[in-house]
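Student: Structure: data_12.cif, mmCIF, C-alpha atoms.
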data_final
loop_
_atom_site.label_atom_id
_atom_site.label_comp_id
_atom_site.auth_asym_id
_atom_site.auth_seq_id
_atom_site.Cartn_x
_atom_site.Cartn_y
_atom_site.Cartn_z
CA MET A 1 -12.57 36.62 -10.69
CA GLU A 2 -15.87 36.91 -8.85
CA HIS A 3 -17.33 33.92 -7.04
CA ALA A 4 -20.82 34.99 -8.17
CA LYS A 5 -19.87 34.09 -11.74
CA LEU A 6 -18.99 30.52 -10.84
CA LYS A 7 -21.86 28.05 -11.01
CA PRO A 8 -21.17 24.88 -9.02
CA LEU A 9 -21.33 21.78 -11.19
CA MET A 10 -23.77 20.13 -8.77
CA ASP A 11 -26.28 22.94 -9.43
CA ASP A 12 -26.84 21.54 -12.93
CA PRO A 13 -27.41 17.76 -12.56
CA ASP A 14 -27.68 17.08 -16.30
CA TYR A 15 -24.49 18.97 -17.06
CA TYR A 16 -22.78 17.21 -14.14
CA THR A 17 -23.75 13.82 -15.58
CA LYS A 18 -22.47 14.79 -19.03
CA ALA A 19 -19.13 16.01 -17.64
CA PHE A 20 -18.79 13.02 -15.33
CA HIS A 21 -19.19 10.46 -18.08
CA VAL A 22 -16.60 12.18 -20.28
CA PHE A 23 -14.27 12.15 -17.27
CA ALA A 24 -15.10 8.49 -16.58
CA ASN A 25 -14.44 7.43 -20.17
CA ARG A 26 -11.12 9.25 -20.37
CA SER A 27 -9.94 7.82 -17.05
CA ASP A 28 -11.21 4.27 -17.63
CA LYS A 29 -12.93 4.83 -14.29
CA PHE A 30 -15.33 1.90 -14.42
CA GLU A 31 -12.73 -0.55 -15.74
CA ILE A 32 -10.24 0.40 -13.02
CA GLN A 33 -12.88 0.16 -10.31
CA ALA A 34 -14.01 -3.23 -11.60
CA LYS A 35 -10.44 -4.59 -11.42
CA TRP A 36 -10.03 -3.07 -7.96
CA GLU A 37 -13.27 -4.71 -6.83
CA GLU A 38 -12.12 -8.12 -8.06
CA LYS A 39 -8.89 -7.78 -6.08
CA PHE A 40 -10.06 -6.05 -2.89
CA LEU A 41 -13.78 -6.65 -2.31
CA PRO A 42 -13.67 -10.44 -1.81
CA GLY A 43 -11.70 -9.84 1.39
CA VAL A 44 -14.36 -7.40 2.59
CA VAL A 45 -17.11 -9.89 1.82
CA GLU A 46 -15.23 -12.61 3.71
CA ARG A 47 -15.16 -10.48 6.84
CA LEU A 48 -18.95 -10.42 6.85
CA VAL A 49 -19.11 -14.13 6.05
CA GLU A 50 -17.21 -14.72 9.28
CA LEU A 51 -19.79 -12.71 11.23
CA LEU A 52 -23.14 -13.57 9.65
CA PRO A 53 -24.96 -16.83 8.84
CA ALA A 54 -25.26 -17.65 5.15
CA ASP A 55 -29.05 -17.27 5.33
CA SER A 56 -28.74 -13.61 6.42
CA LYS A 57 -30.15 -10.68 4.48
CA VAL A 58 -27.27 -8.22 4.12
CA ARG A 59 -28.28 -4.56 4.36
CA MET A 60 -26.21 -2.17 2.26
CA LEU A 61 -26.22 1.61 1.94
CA GLY A 62 -24.70 3.35 -1.08
CA ILE A 63 -24.09 7.10 -0.89
CA GLY A 64 -23.74 8.99 -4.15
CA SER A 65 -23.86 5.74 -6.09
CA GLY A 66 -24.17 7.45 -9.47
CA SER A 67 -25.21 5.20 -12.34
CA GLY A 68 -24.61 2.13 -10.21
CA GLU A 69 -21.76 0.27 -11.90
CA MET A 70 -19.63 -0.20 -8.78
CA ASP A 71 -22.49 -0.20 -6.27
CA SER A 72 -24.49 -2.93 -8.01
CA SER A 73 -21.38 -5.05 -8.51
CA MET A 74 -20.66 -4.95 -4.79
CA ALA A 75 -24.27 -5.95 -4.09
CA ALA A 76 -23.88 -8.93 -6.43
CA MET A 77 -20.72 -10.00 -4.58
CA PHE A 78 -22.57 -10.03 -1.27
CA ARG A 79 -25.53 -11.84 -2.82
CA ALA A 80 -23.21 -14.63 -4.00
CA ARG A 81 -22.40 -15.45 -0.37
CA PHE A 82 -25.68 -14.63 1.39
CA LYS A 83 -29.34 -15.50 0.98
CA ALA A 84 -30.45 -11.96 0.10
CA VAL A 85 -29.32 -8.35 -0.08
CA HIS A 86 -31.21 -5.12 0.50
CA ASN A 87 -29.35 -2.23 -1.12
CA THR A 88 -30.48 1.29 -0.19
CA VAL A 89 -29.12 3.85 -2.65
CA ILE A 90 -28.89 7.61 -2.14
CA GLU A 91 -28.08 9.61 -5.28
CA PRO A 92 -29.07 13.26 -5.88
CA THR A 93 -29.02 13.24 -9.69
CA ALA A 94 -32.15 11.99 -11.47
CA SER A 95 -30.34 11.14 -14.73
CA GLN A 96 -27.81 9.01 -12.84
CA LEU A 97 -30.63 7.14 -11.09
CA ASP A 98 -32.30 6.55 -14.46
CA MET A 99 -29.10 4.88 -15.66
CA TYR A 100 -28.95 2.87 -12.44
CA ARG A 101 -32.53 1.65 -12.97
CA LYS A 102 -31.69 0.62 -16.52
CA LEU A 103 -28.65 -1.25 -15.24
CA ILE A 104 -30.87 -3.15 -12.81
CA ALA A 105 -33.48 -3.90 -15.48
CA ASP A 106 -30.84 -5.17 -17.91
CA GLY A 107 -29.30 -7.43 -15.26
CA LYS A 108 -32.33 -9.10 -13.70
CA GLU A 109 -30.71 -12.52 -13.64
CA ARG A 110 -27.45 -11.21 -12.17
CA PHE A 111 -29.30 -9.24 -9.49
CA ALA A 112 -31.75 -11.94 -8.43
CA GLY A 113 -32.15 -11.87 -4.67
CA ILE A 114 -31.16 -8.19 -4.40
CA ASP A 115 -33.71 -5.53 -3.45
CA PHE A 116 -32.70 -2.10 -4.73
CA ASP A 117 -34.25 0.84 -2.88
CA LEU A 118 -33.31 3.99 -4.80
CA HIS A 119 -33.72 7.51 -3.39
CA GLN A 120 -33.07 10.81 -5.18
CA ASP A 121 -31.49 12.67 -2.29
CA THR A 122 -28.27 13.99 -0.84
CA LEU A 123 -27.09 12.22 2.30
CA ASP A 124 -27.78 15.29 4.42
CA ASP A 125 -31.37 15.55 3.12
CA TYR A 126 -31.92 11.82 3.55
CA ARG A 127 -30.74 12.03 7.15
CA ARG A 128 -33.17 14.85 7.86
CA LYS A 129 -36.08 12.83 6.44
CA LEU A 130 -35.18 9.81 8.57
CA ASN A 131 -34.98 11.98 11.68
CA GLU A 132 -38.44 13.37 10.97
CA THR A 133 -39.88 9.85 10.89
CA ASP A 134 -37.72 8.69 13.81
CA VAL A 135 -36.41 5.79 11.70
CA HIS A 136 -32.80 4.77 12.30
CA PRO A 137 -31.83 1.84 10.03
CA LYS A 138 -28.63 -0.14 10.55
CA TYR A 139 -26.44 -1.57 7.81
CA HIS A 140 -23.83 -4.28 7.43
CA PHE A 141 -22.00 -2.39 4.69
CA ILE A 142 -21.92 1.30 3.74
CA SER A 143 -20.08 2.73 0.74
CA ALA A 144 -19.38 6.31 -0.25
CA ILE A 145 -17.51 6.36 -3.56
CA HIS A 146 -16.13 9.84 -4.28
CA SER A 147 -19.14 11.42 -2.58
CA VAL A 148 -18.02 12.78 0.81
CA TYR A 149 -16.85 15.96 -0.95
CA TYR A 150 -20.48 17.08 -0.96
CA VAL A 151 -21.47 16.63 2.69
CA ASP A 152 -22.05 19.60 5.00
CA ASP A 153 -19.79 18.42 7.83
CA LEU A 154 -17.25 15.63 7.32
CA ASN A 155 -16.67 14.81 10.99
CA ASP A 156 -20.39 14.70 11.74
CA THR A 157 -21.03 12.58 8.63
CA ILE A 158 -18.37 10.02 9.54
CA ARG A 159 -19.70 9.71 13.08
CA TYR A 160 -23.24 9.30 11.72
CA LEU A 161 -22.26 6.62 9.21
CA HIS A 162 -20.29 4.74 11.85
CA ASP A 163 -23.36 4.83 14.12
CA CYS A 164 -25.43 3.41 11.25
CA LEU A 165 -23.27 0.28 11.09
CA GLU A 166 -24.24 -2.96 12.75
CA ASP A 167 -21.58 -4.36 15.07
CA GLY A 168 -18.90 -5.77 12.80
CA GLY A 169 -20.29 -3.81 9.86
CA MET A 170 -17.97 -2.02 7.44
CA LEU A 171 -17.70 1.48 6.04
CA LEU A 172 -15.90 1.97 2.71
CA ILE A 173 -14.97 5.44 1.53
CA VAL A 174 -13.16 6.16 -1.72
CA ILE A 175 -11.51 9.58 -1.94
CA ILE A 176 -8.84 11.44 -3.89
CA SER A 177 -5.29 10.68 -2.73
CA ASP A 178 -3.34 13.48 -1.06
CA THR A 179 -0.50 12.82 -3.53
CA SER A 180 -2.68 13.03 -6.65
CA GLY A 181 -2.72 15.71 -9.30
CA THR A 182 -6.38 16.28 -8.48
CA TRP A 183 -5.57 17.30 -4.92
CA ARG A 184 -2.70 19.55 -6.09
CA PHE A 185 -5.04 21.18 -8.60
CA TRP A 186 -7.70 21.81 -5.96
CA LYS A 187 -5.13 23.37 -3.63
CA ARG A 188 -3.77 25.53 -6.46
CA PHE A 189 -7.24 26.90 -7.27
CA PRO A 190 -9.18 27.00 -3.97
CA ARG A 191 -11.27 29.90 -5.28
CA PHE A 192 -13.24 27.44 -7.42
CA GLN A 193 -14.59 25.83 -4.26
CA ASN A 194 -18.20 26.64 -3.47
CA LYS A 195 -20.72 24.12 -2.22
CA ASN A 196 -18.48 21.07 -2.20
CA GLN A 197 -15.60 20.52 0.19
CA TYR A 198 -12.19 19.95 -1.34
CA MET A 199 -10.72 17.12 0.69
CA CYS A 200 -8.38 14.16 0.36
CA THR A 201 -7.27 11.05 2.21
CA GLN A 202 -5.49 13.02 4.92
CA ASP A 203 -8.74 14.71 5.93
CA LEU A 204 -10.32 11.31 6.52
CA ARG A 205 -7.25 10.04 8.37
CA ASP A 206 -7.58 13.02 10.71
CA VAL A 207 -11.30 12.39 11.33
CA PHE A 208 -10.92 8.66 11.93
CA THR A 209 -7.97 9.22 14.24
CA ALA A 210 -9.76 11.95 16.20
CA ASN A 211 -12.74 9.63 16.68
CA ALA A 212 -10.59 6.61 17.63
CA MET A 213 -11.82 4.59 14.65
CA PRO A 214 -9.15 2.15 13.40
CA PHE A 215 -8.91 2.17 9.61
CA THR A 216 -7.08 0.62 6.67
CA VAL A 217 -6.03 2.49 3.51
CA VAL A 218 -5.66 0.80 0.11
CA SER A 219 -4.22 2.96 -2.69
CA GLN A 220 -5.11 2.78 -6.37
CA THR A 221 -3.18 4.26 -9.30
CA SER A 222 -5.36 6.06 -11.84
CA HIS A 223 -4.68 8.30 -14.81
CA LEU A 224 -6.91 10.64 -16.78
CA ASP A 225 -6.20 11.45 -20.43
CA ILE A 226 -6.39 15.26 -20.55
CA THR A 227 -4.79 15.65 -23.97
CA SER A 228 -7.97 17.28 -25.31
CA CYS A 229 -7.80 19.89 -22.53
CA VAL A 230 -4.81 21.49 -24.23
CA ASP A 231 -7.18 22.72 -26.94
CA PRO A 232 -9.44 25.38 -25.37
CA GLU A 233 -11.90 24.86 -28.25
CA SER A 234 -12.41 21.16 -27.46
CA GLU A 235 -15.85 20.41 -26.00
CA GLU A 236 -14.53 17.22 -24.45
CA GLY A 237 -11.57 19.05 -22.95
CA ASN A 238 -13.78 21.76 -21.50
CA LEU A 239 -16.07 19.17 -19.93
CA ILE A 240 -13.09 17.44 -18.29
CA VAL A 241 -11.85 20.77 -16.91
CA ASP A 242 -15.34 21.55 -15.65
CA PHE A 243 -15.50 18.22 -13.84
CA LEU A 244 -12.08 18.63 -12.26
CA SER A 245 -12.84 22.19 -11.14
CA GLN A 246 -16.47 21.35 -10.25
CA VAL A 247 -17.55 24.52 -12.06
CA CYS A 248 -20.05 24.74 -14.92
CA ASP A 249 -18.49 26.30 -18.02
CA LEU A 250 -15.29 27.38 -16.33
CA ARG A 251 -13.93 28.71 -19.60
CA GLY A 252 -16.86 31.10 -19.97
CA SER A 253 -16.82 32.07 -16.29
CA VAL A 254 -13.23 33.23 -15.81
CA THR A 255 -10.79 35.47 -17.65
CA GLN A 256 -8.68 34.07 -20.48
CA GLU A 257 -5.61 34.46 -18.25
CA VAL A 258 -7.13 32.35 -15.46
CA HIS A 259 -8.33 29.71 -17.91
CA ARG A 260 -4.87 29.48 -19.49
CA ASP A 261 -3.35 29.24 -16.00
CA VAL A 262 -5.70 26.31 -15.28
CA LEU A 263 -4.76 24.46 -18.47
CA ASP A 264 -1.05 25.09 -17.95
CA TYR A 265 -1.16 23.78 -14.39
CA LEU A 266 -3.19 20.69 -15.30
CA GLY A 267 -0.59 19.79 -17.93
CA SER A 268 2.41 20.60 -15.73
CA ALA A 269 4.72 18.06 -14.09
CA GLU A 270 2.98 18.84 -10.78
CA CYS A 271 -0.13 17.06 -12.03
CA SER A 272 0.59 15.15 -15.21
CA GLU A 273 2.97 13.04 -17.25
CA ARG A 274 3.61 13.79 -20.93
CA LYS A 275 4.19 10.81 -23.23
CA ASP A 276 6.41 10.83 -26.33
CA ASP A 277 3.33 10.69 -28.57
CA GLY A 278 1.95 13.91 -27.03
CA THR A 279 -0.57 12.23 -24.74
CA VAL A 280 -0.98 14.02 -21.40
CA LEU A 281 -1.88 11.74 -18.49
CA PHE A 282 -3.20 13.45 -15.38
CA ASN A 283 -2.54 11.79 -11.99
CA ASN A 284 -5.96 10.88 -10.63
CA ASP A 285 -4.84 8.43 -7.91
CA TRP A 286 -7.37 7.59 -5.20
CA ASP A 287 -7.52 5.72 -1.93
CA ALA A 288 -10.05 3.33 -0.45
CA ILE A 289 -10.45 3.59 3.31
CA ILE A 290 -12.24 0.87 5.25
CA VAL A 291 -13.43 0.85 8.85
CA GLN A 292 -14.97 -2.11 10.60
CA LYS A 293 -17.11 -1.25 13.60
CA GLY A 294 -16.08 -2.78 16.89
CA THR A 295 -12.89 -4.40 15.64
CA SER A 296 -9.21 -3.62 15.66
CA GLN A 297 -7.28 -3.45 12.42
CA SER A 298 -3.59 -3.32 11.65
#
Reformat the file's structure so that it appears as structure tokens.
Tutor:
Amino acid sequence: MEHAKLKPLMDDPDYYTKAFHVFANRSDKFEIQAKWEEKFLPGVVERLVELLPADSKVRMLGIGSGSGEMDSSMAAMFRARFKAVHNTVIEPTASQLDMYRKLIADGKERFAGIDFDLHQDTLDDYRRKLNETDVHPKYHFISAIHSVYYVDDLNDTIRYLHDCLEDGGMLLIVIISDTSGTWRFWKRFPRFQNKNQYMCTQDLRDVFTANAMPFTVVSQTSHLDITSCVDPESEEGNLIVDFLSQVCDLRGSVTQEVHRDVLDYLGSAECSERKDDGTVLFNNDWDAIIVQKGTSQS
């Protein structure tokens, strides 16, 4: 298999969006994240409440915020406890930003008091633009939800984001668990890697530890229905495989033997659980890692 034949999913933003939303629907991504937010985020908000007056304007930065479901919900949580919120959003895909804008427009009452500042950019490009203008904004809260896979240098990025925090500010990163089927799949097929960096929770643990940044890890169980992937003719199944491999049209880009090897491994006990009714549930567990600047955490 030649690398030249593999087109990274991020090189086709529209196709990426299509594959992502099939993946999201089959994993109940937004529903799981909403329940996680309700359980975990109030504690994060309370930490800032202890530090800032109620009449403060909270400054947020969202990195790779996608269509905005989780990002905007977090902004609304902060707005409920503070006078105002300014939410800067960095997202490289135009179609995702269009969905984010529609979400904002449809929720004007819910988002009253929140300023959304949306930028179509990668984090690395956004950093370069800020450096050119010698502007160095600080934030009370920064989130990167399944987006650090796409940065040029993880250690440099973490140090930069930590520097962007106000004292007492918090950095939240959501990443694939090192015990998940996703991570096992990425390790089994490293040749699919191109522009993005295959990484997991352990990579972040190593970076935070090396930089003496205390952190807390909260794990979340998640499953992805990959039953349709068993059928190589299924459009939905092929889109899910493309999203997991981060390759556009993987089926048409590799040999039949490699494609069958991919499907077999995805459905194996290494990655998935088979139900009595034939449903195949892929282990898509993820972890949320939180760092608070200038504090010690247990």
Student: Would you mind telling me which residue in A:Tyr139, A:Tyr265, A:Phe82, A:Tyr15 lies nearest to Leu52 in chain A when using only C-alpha atoms?
Tutor: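 Ranked by minimum distance to Leu52 in chain A, first place goes to A:Phe82.
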Student: In Å, how far is it from CA of Val241 in chain A to CA of Asp206 in chain A?
Tutor: 29.0 Å
Student: Taking only C-alpha atoms into account, which of A:His140, A:His146, A:Arg59, A:Lys39 comes nearest Ser177 in chain A?
Tutor: A:His146
Student: Give me, as a list in words, all polymer residues having an atom no more than 12 Å from Glu50 in chain A, counting only C-alpha atoms and skipping those fewer than 6 positions away in the same chain.
Tutor: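 Counting only the stated atoms, we get Gly43, Val44, Ser56, Arg81, Phe82, Gly168 and Gly169 of chain A.
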Student: For Glu236 in chain A, which of A:Val262, A:Met10, A:Leu250, A:Ala19 is the closest residue, counting all atoms listed in the file?
Tutor: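 Among A:Val262, A:Met10, A:Leu250, A:Ala19, it is A:Ala19 that comes nearest to Glu236 in chain A.
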Student: Residue by residue, what does the PyMOL selection byres ((chain A and resi 267-279) around 9) grab here? Present the result as a PyMOL selection string.
Tutor: chain A and resi 180-185+223-230+262-266+280-284
